Structure formats: structure tokens, C-alpha cells
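Right, one structure below, let's go through it.
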Amino acid sequence: MNLPIGLRAKVVILSLFLLCLPWLGYEYVWEMEKYLRYGQEKTLEGTTQALATALHERPKLFDNQASFLNQVEKGRDLYAYPLAGPIQLDGKLSDWDLYQHRTLSYSDKHVIYQRSETEPIDISFSHMVGKYGGYLYGFFNVNDPNLIFRNRKSLRIDRNDHLVMATQSPDGQFRRYIIANTKSGWLSAFELPADPSQSMPVTPESRIQGQWLKTAKGYNIEFRLPLEMVGSKLGFAIHNVNDTKTRQLVNVIGTSATDSVASLGTVLVPSPEIENIIKGMSHNSSRIWVVDNHGRVLAKSGDIRSSSNTWADDIEVNQPDSFWLHFKQQYILPLYYKILTRPPQDFIDSLQDSTELTGSHIEKALSGKQGSTWRLTPDNKAVVLAAASPIWIDDKVMGVVIAEETTHGIRSLRNRALEKLFNVILTIMSMGTLALFIFASSISSRIRRLRDQAELAIDSQGRVRQQIVASKNRDEIGDLSRSFSSIVSRLGQYTHYLENMSSRLSHELRTPVAVVRSSLEHLGLQQLDEQSQKYVSRAQEGVSRLHLILNNLSEATRLEASLTQAESCRFSLKKVISGCMQGYQITYPDQLFAVHIEDKVMSCDGVPEYIAQLMDKLINNAIEFHQPDSAITVSLTQYHKQAILKVSNIGPLLPKDMNSQIFESMVSIRPQGINGKPHLGLGLYIARLVTDFHHGSIKATNMIENGIEGVEICLTLPLSDEK
């Protein structure tokens, strides 16, 4: 049933309002997240500015790190990577597997000396230096098909394959060291004269420790030396000798020349002093980097994957264990997080082990301004905010402080806000749904009541049985109820007029018909000519038919009146039907009857004379419509507590949709004037009145079986309980 326009508009407006609430709340949370990100960005910039302030105007922190270079050359300028633990000096290089991505390779592009340009360069090596504790560790994996060890009997230590290490020590002195072994094993290290033209005399250097290990492709050198021996300048060179007889130097490949301080490259060792300054930040959620003006990492503190701070604090107040808390954690939150995403802790941090940093924020800081940038991790699981501030020394930017944080804290805050928003929305939607359900139930119940009243007001025969109670509500359904009440009231008045019209006609026409009839009788006694006598006879015939019509009308009217005052009694339905059928067989000797009456006691409460009158109408109707020489079948059976009376005849079928209408007053489907008698369609109407009085039901159906057509009228009457 369609709702009235006004009610439909109310429901639509209320539904749209409820739908707007989630959208507005969701937009508000996203807008809040934007401001939180902006606040996080400004907070992180403030952190970098505070740390940079602690490093301003402290040149010793940077001069020692070779920050004065205009340009850093990869391979020449080295970086001592922070090691996770001490290296076992066995020459097997297995401890360096974790740092293979930091290894530098050197070949013919890094030749420092070549005896003859025609000779092929058959050596190469991979190299790395690292820092752990107070030591500088390093290794050389040398590919050399002709390994020449130092001769034990010779005083010269440079006429064989060897490693030269040169540095400018922290005290500013140029120092050179040589590693030349007579066999695989513990390193034999010596300090060379500062003058590069001299190779003698040499002094043993026990502070340089390590292993020389021969391999299938050459040899490995694994070493360590105290950081106090190394300054900001450092160079390594592998000297290659291929002939054991001549022992002449063939070529030299290295990180840089080792003959002077100016030729040396640089080495950047993460600054312990700077690390001590930023060490306190390891308890923060930020990861702090300090880089020089070439982007090389001087110090690092913190881990963005494991830290937490105010942004990521659990803002959930400790709540007592309750049914709601258990229900929320067990059912509601898993549903929410099908839409939301929890910040992961296992994202890929591509900068975790970086030794050099680049980015627009660093470039901006190197130009003297604060900068920040957002980046997405390679696995797209986390967003990282990075902010940078410059470190000033004598109006020159000597380094940059960089702080990094993930947005996990903000995402957690956003999720908590969305959780609360969803809880509010769920509550509002539940209450709204309940309100709409109550509202719709109220509307539907009122409509159902109106429908029930409308159905009860008019019975299946179209008669008005009761009035519709008009509603006092001032809405559309109330207006509809009042309209229905008015319609049923007017229809009841009109139906009452039609129902009483037959009795009024019968009463009003009897007197003039009697006058006409008596006049025609007196006129018939007069001596009239043949032509006049013909007209008088026809008039008398018409008056007789009119009198019969009045009698039929009176019969239905009298029956309706008598039914209201009739007194019921208990009688045997079997005896009444049997007696009627015996009378019909005498009354209609030429008509065949097939009678089947079940031998059971069938007692009814009612008036047996009315049942006999009902049988008269049914048999009369069957005789008028039956096919000549065919039998009329009458059966009486008992089914549970009901008596089933069936009267059927072979003949024409009922027209379509007339099964129930033939039991209405003044409805007839027979041709007018059969046997010269008028038919007003009151016979089956009287049968229905009698059936209703006895609380039964009557219906007519068409029969089609084996090519034989007919009509069957079935009467069902309730039986009385035997005592």
C-alpha cells in the first residue's frame, strides 16, 4: 500500500537526515586528520630546530668529518658504516654478509700506478670499512691470479703483494702503514717512513690486527685498528707483484694515492660526540639523523618502527571489564576494521641503513631554510614525515638535522575517532531505525485497522454489515478513515434502500393490482365481442403474471423477516432430506433422481421447514436447467462435524465469474419466460439466506467429466454434537 504524499515526504526527509550524519562525521574526521598532520609537521620541524640549535657554532664536530670538501667522490671518500657487532678476524669475511650492499668494488678504473700500458690489469678487489666501539674495521677481497708473499729472508717488505694504508692522524701527521705477509695467517703490519720515496726503515705496528687468508681467486685481508690512529683523511692501495724472481711492482689499484696528504681521500666516521647529543631522542618516536653538507650520515638515533610518543599513545582509558567492552572487541571492532586499516609495524624502511640521505627537505635545509616532506614506504604500508633544519657555523651551513616520524599515531587517533563516530552512528541509526520502525508500525497498524474495518464493513455479497469508525487523527490516514466512513455510511443507506425496495414495491403494487384484477373480472362477466374478449384475456394474463411477481417478492421479504424471529430446534437432517426427495419423486414423476444419503445420524440446529424450502429452490433450479432424459443427483454425506449436501444436474455451464453472483438477489442467468413464468433470480438468493441462517456455506461449480458438462451446488452445514 502506497503511503500518502505527506507521510512519504516525512519518511524521506528523516531518512536523508540520518544518512547525512555519517557523511558529515566522516568528513569532519578527515578534516581533523589534515590538521593533525599539519600539527605533526610543525612539531617535527620544531624538534629539528631545537637539535640544530644545540649543534650551531661547533666546528670541531664537522671539521673532523671532512665536511669542508666541496664534493664527495664515491670510492675515494669512504664511509665507516656502523657495525652491529665486533667482527671476528678470521679472514673468511662471513661477518660482513649483512653489509654486502655497502661493499665497494675496485678494478681497472681505479688504477693508481701501471708499469706498462700494454700489460693487462688482472687484479681487482671489493672493500668496505666499518666502525664498532673504538675500532675501525675493514676487509679487502682481492682477485689476484698470482699471489706473491713476502720473502722471509729479505729485509724488503714492498717487493711482494701488499696493502698500503695512509692517513692523516688526528694530530695532523701524515702516516703510512703497510701489510705484507709471508704466508696466510695473522697480519704483519709495519709503519713506513713519512717520506713516500723511502720504504725503509719500517717499524712493526701491533695495533693493526687481522688475518691474511689465501683464497682460490686471490686472498682476503681482514683487519682492525684503533680509531685514534685514523684522521679525517684515509687511503688504501693494493700493490700487485706477479713475478717471484724480479719482484717488480706491476700495478697499484686503490681508493686513492697514498704518497701525500693531498692525494688521500676522506673517511667519514659517525661522530660519537654528535651521537651523544642526540642520544636522548632515542626515547622519542622520531628517528634523528645528522648529516654533513654532502648528505653523509654523521649520527643517527631512534627507530621509526618501534618507537612511540604522544601521537601513538593509547588514548583508550582503562575501562572496567564489561559486557559492552567484550561485545565491542569481539564483534564491533572486527567489523569496523574491515573498512579501517591498522597501522602496520612490519613496513619496509628503505632508509634504515642509509649512509647518505637526499631529498627536497635536505636541499632546502642546506640552502638555509627549514623543510619537510612526506614519503610513502616502498610497500605502501606507511607514510613517513621528514623535517630538516640547517646547522650553522660562521654563517655557513655545515650540516642538517633530520627528524622522521610515521603517521601511525595520527592514523591511530583517526581510527579511534572513527570508532567513536561509528559507535555514535550505530547508536543513532539503531535509534532512528527503531523510531522509524515504531513510526512505520504505527502507520501500518492504522492502515491494517482501516483495511480490516473496510473488509468487515461489506460482506462477500456486497452488503454493508457495519460502519467504519472515523479516526480523530488530523493526518492523511485520519482523512482517509473519515472518507471511508462517509462512503460506507452512504453506501449502507443506499443498500438498505435497495434491500427494502422489493417489500415496498410488493406492498404498494398489491392494491392497484387487486383493483385492476377485480375490474377485469367484472369486465369478463359482461357480454363482449370476440375482439374485446381477446384483449381482456390478455390483460388478465398480464395481471396474473404481475401477481406472481409480487408473490415471489413477498416470499423473499417474508423469509428475511421470519429469519430474524425464527426459533431453532434440533432436527435430523437425514430425515428432512429423505422426506423431501420422496415428495419430489411424486411431484415430478417424469424426472429421474439419483439419491445417495449416507446412513449416519446427522443432527442440525435450525428450522427444518427452512431446509425443505431450500431444497425446493435447489431442485427447482436443477430441473429448469437439466438436460432432458438426464438424472438429477442428490447426495448427503458427513465429513467430520459437517454435513455435505450436493445437488447436481447435467446441463449448461455457469457463465464465467458467476459462481458467487447467482446467489445474489435479483440475479438470474436463465432466459426470460421459460414455461411462461417470470423469474426474478430470488430462488438461489433464498437458498443462501437459509444457509446463512444455519451458519453454513453454499457454492456452485461447473462439472466437466468425460465430456459431460453440468453444474453442482454444494451446501455445507455444521452438525450438532450428540449428547
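Quick note on naming: the chains in the C-alpha cells go A, B, ... in the order shown, residues restart at 1 in each chain, and ligands are numbered from 1 in order of appearance.
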
Quiz prompt | helix (DSSP H, G or I) per DSSP on the backbone: members of stretch 77-175 of chain A, as a ChimeraX atom specification | solution = /A:94-102,108-110

Store the residues picked out above, limited to C-alpha atoms, as a tab-separated table (two decimals), in the first residue's frame.
chain	number	residue	atom	x	y	z
A	94	SER	CA	81.34	-14.21	6.79
A	95	ASP	CA	80.63	-11.49	9.36
A	96	TRP	CA	80.40	-8.98	6.52
A	97	ASP	CA	77.49	-10.71	4.76
A	98	LEU	CA	74.99	-8.38	6.44
A	99	TYR	CA	76.73	-5.42	4.86
A	100	GLN	CA	77.30	-6.70	1.33
A	101	HIS	CA	75.12	-3.92	-0.08
A	102	ARG	CA	77.65	-1.42	1.32
A	108	ASP	CA	90.95	-1.14	-13.82
A	109	LYS	CA	89.04	2.15	-13.37
A	110	HIS	CA	90.86	2.74	-10.11

Exercise. From stretch 66-283 of chain A, collect each residue whose DSSP state is strand (DSSP E or B) and return the set as an MDAnalysis selection string.
Key: chainID A and resid 74 77:79 81:82 104:106 111:114 124:132 135:143 162:168 174:179 185:186 189:192 203:204 209:214 218:226 233:241 249:254 265:268

Closest atom pairs, stretch 47-151 of chain A residues within 10 Å of stretch 386-399 of chain A, only C-alpha atoms, as CSV:
residue,atom,partner,partner_atom,distance
A:Thr47,CA,A:Ala387,CA,8.7
A:Thr48,CA,A:Ser389,CA,5.5
A:Gln49,CA,A:Ser389,CA,5.5
A:Ala50,CA,A:Ser389,CA,9.0
A:Leu51,CA,A:Ser389,CA,8.6
A:Ala52,CA,A:Ile391,CA,5.3
A:Thr53,CA,A:Ile391,CA,7.3
A:Ala54,CA,A:Ile391,CA,8.9
A:Leu55,CA,A:Ile391,CA,6.4
A:His56,CA,A:Trp392,CA,5.1
A:Glu57,CA,A:Ile393,CA,4.4
A:Arg58,CA,A:Ile393,CA,6.8
A:Pro59,CA,A:Ile393,CA,6.4
A:Leu61,CA,A:Met398,CA,9.7
A:Phe62,CA,A:Met398,CA,7.1
A:Asp63,CA,A:Met398,CA,9.1
A:Ser67,CA,A:Met398,CA,6.8
A:Phe68,CA,A:Met398,CA,8.1

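A straight line drawn from atom CA of A:Asp629 to atom CA of A:Gln591 is 7.7 Å long.
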
Exercise. Considering only C-alpha atoms, return as a PyMOL selection string whatever protein or nucleic-acid residues lie within 12 Å of A:Tyr584, sequence-local ones (same chain, fewer than 2 positions apart) excluded.
Key: chain A and resi 577-582+586-595+612+615-620+623+632+634

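Among the candidates A:Gly25, A:Gly302, A:Gly218, A:Pro334, the one nearest to A:Glu404 when counting only C-alpha atoms is A:Gly302.
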
Quiz prompt | Residues near A:Gln638, cut-off 12 Å, only C-alpha atoms, skip fewer than 5 positions along chain, as a VMD selection string | solution = chain A and resid 573 to 574 596 to 604 643 to 646 715 to 720

Practice problem: Return the single residue from A:Arg411, A:Lys60, A:His547, A:His496 that is closest to A:Val515, with distances computed using only C-alpha atoms. | Solution: A:His547

For A:Leu385, please output as a compact mmCIF listing (two decimals) with all heavy atoms, in the first residue's frame all residues within 8 Å (counting only C-alpha atoms; exclusion window: fewer than 5 positions along the same chain).
# COMPACT_ATOMS: atom_id res chain seq x y z
N GLU A 41 53.70 17.99 11.51
CA GLU A 41 54.77 18.56 10.69
C GLU A 41 55.45 19.72 11.41
O GLU A 41 56.69 19.80 11.45
CB GLU A 41 54.17 19.02 9.36
CG GLU A 41 55.19 19.55 8.38
CD GLU A 41 54.57 19.91 7.04
OE1 GLU A 41 53.39 19.55 6.81
OE2 GLU A 41 55.25 20.54 6.21
N SER A 372 60.35 20.24 4.94
CA SER A 372 59.70 18.98 5.33
C SER A 372 59.13 18.32 4.09
O SER A 372 58.85 18.99 3.08
CB SER A 372 58.60 19.23 6.37
OG SER A 372 57.61 20.10 5.83
N THR A 373 58.94 17.03 4.18
CA THR A 373 58.39 16.28 3.05
C THR A 373 57.72 15.03 3.58
O THR A 373 58.01 14.55 4.68
CB THR A 373 59.50 15.91 2.05
OG1 THR A 373 58.91 15.29 0.90
CG2 THR A 373 60.48 14.93 2.65
N TRP A 374 56.81 14.51 2.77
CA TRP A 374 56.12 13.26 3.08
C TRP A 374 56.54 12.23 2.05
O TRP A 374 56.66 12.53 0.87
CB TRP A 374 54.61 13.44 3.04
CG TRP A 374 54.08 14.45 4.01
CD1 TRP A 374 54.03 15.81 3.84
CD2 TRP A 374 53.54 14.20 5.31
NE1 TRP A 374 53.50 16.41 4.94
CE2 TRP A 374 53.17 15.44 5.86
CE3 TRP A 374 53.33 13.05 6.05
CZ2 TRP A 374 52.61 15.57 7.12
CZ3 TRP A 374 52.75 13.16 7.31
CH2 TRP A 374 52.40 14.41 7.84
N ARG A 375 56.71 11.00 2.50
CA ARG A 375 57.03 9.94 1.55
C ARG A 375 56.30 8.66 1.94
O ARG A 375 55.95 8.45 3.11
CB ARG A 375 58.54 9.68 1.50
CG ARG A 375 59.12 8.90 2.66
CD ARG A 375 60.58 8.50 2.42
NE ARG A 375 61.08 7.59 3.44
CZ ARG A 375 61.61 7.94 4.58
NH1 ARG A 375 61.71 9.23 4.87
NH2 ARG A 375 62.03 7.03 5.45
N GLU A 404 62.46 12.14 11.53
CA GLU A 404 61.45 11.39 10.77
C GLU A 404 60.47 10.73 11.74
O GLU A 404 60.84 10.27 12.80
CB GLU A 404 62.12 10.31 9.92
CG GLU A 404 62.97 10.85 8.78
CD GLU A 404 63.60 9.73 7.98
OE1 GLU A 404 63.97 8.69 8.59
OE2 GLU A 404 63.72 9.89 6.77
N GLU A 405 59.21 10.71 11.32
CA GLU A 405 58.16 10.04 12.07
C GLU A 405 57.16 9.44 11.09
O GLU A 405 56.97 9.99 9.99
CB GLU A 405 57.40 11.00 13.00
CG GLU A 405 58.10 11.34 14.29
CD GLU A 405 57.23 12.23 15.17
OE1 GLU A 405 56.12 12.58 14.72
OE2 GLU A 405 57.65 12.56 16.28
N THR A 406 56.53 8.35 11.48
CA THR A 406 55.43 7.82 10.69
C THR A 406 54.14 8.50 11.12
O THR A 406 54.09 9.17 12.15
CB THR A 406 55.29 6.30 10.89
OG1 THR A 406 54.94 6.04 12.25
CG2 THR A 406 56.60 5.58 10.55
N THR A 407 53.13 8.33 10.32
CA THR A 407 51.80 8.86 10.67
C THR A 407 50.96 7.82 11.39
O THR A 407 49.74 7.96 11.47
CB THR A 407 51.07 9.33 9.40
OG1 THR A 407 50.95 8.21 8.50
CG2 THR A 407 51.83 10.45 8.71

Self-check item: Long-range neighbours of stretch 161-174 of chain A as a ChimeraX atom specification, 6 Å cut-off, only C-alpha atoms, 3 positions minimum in chain
Solution: /A:148,177-180,229-231,233-241,258

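Note that the spacing between atom CA of A:His640 and atom CA of A:Glu567 amounts to 26.0 Å.
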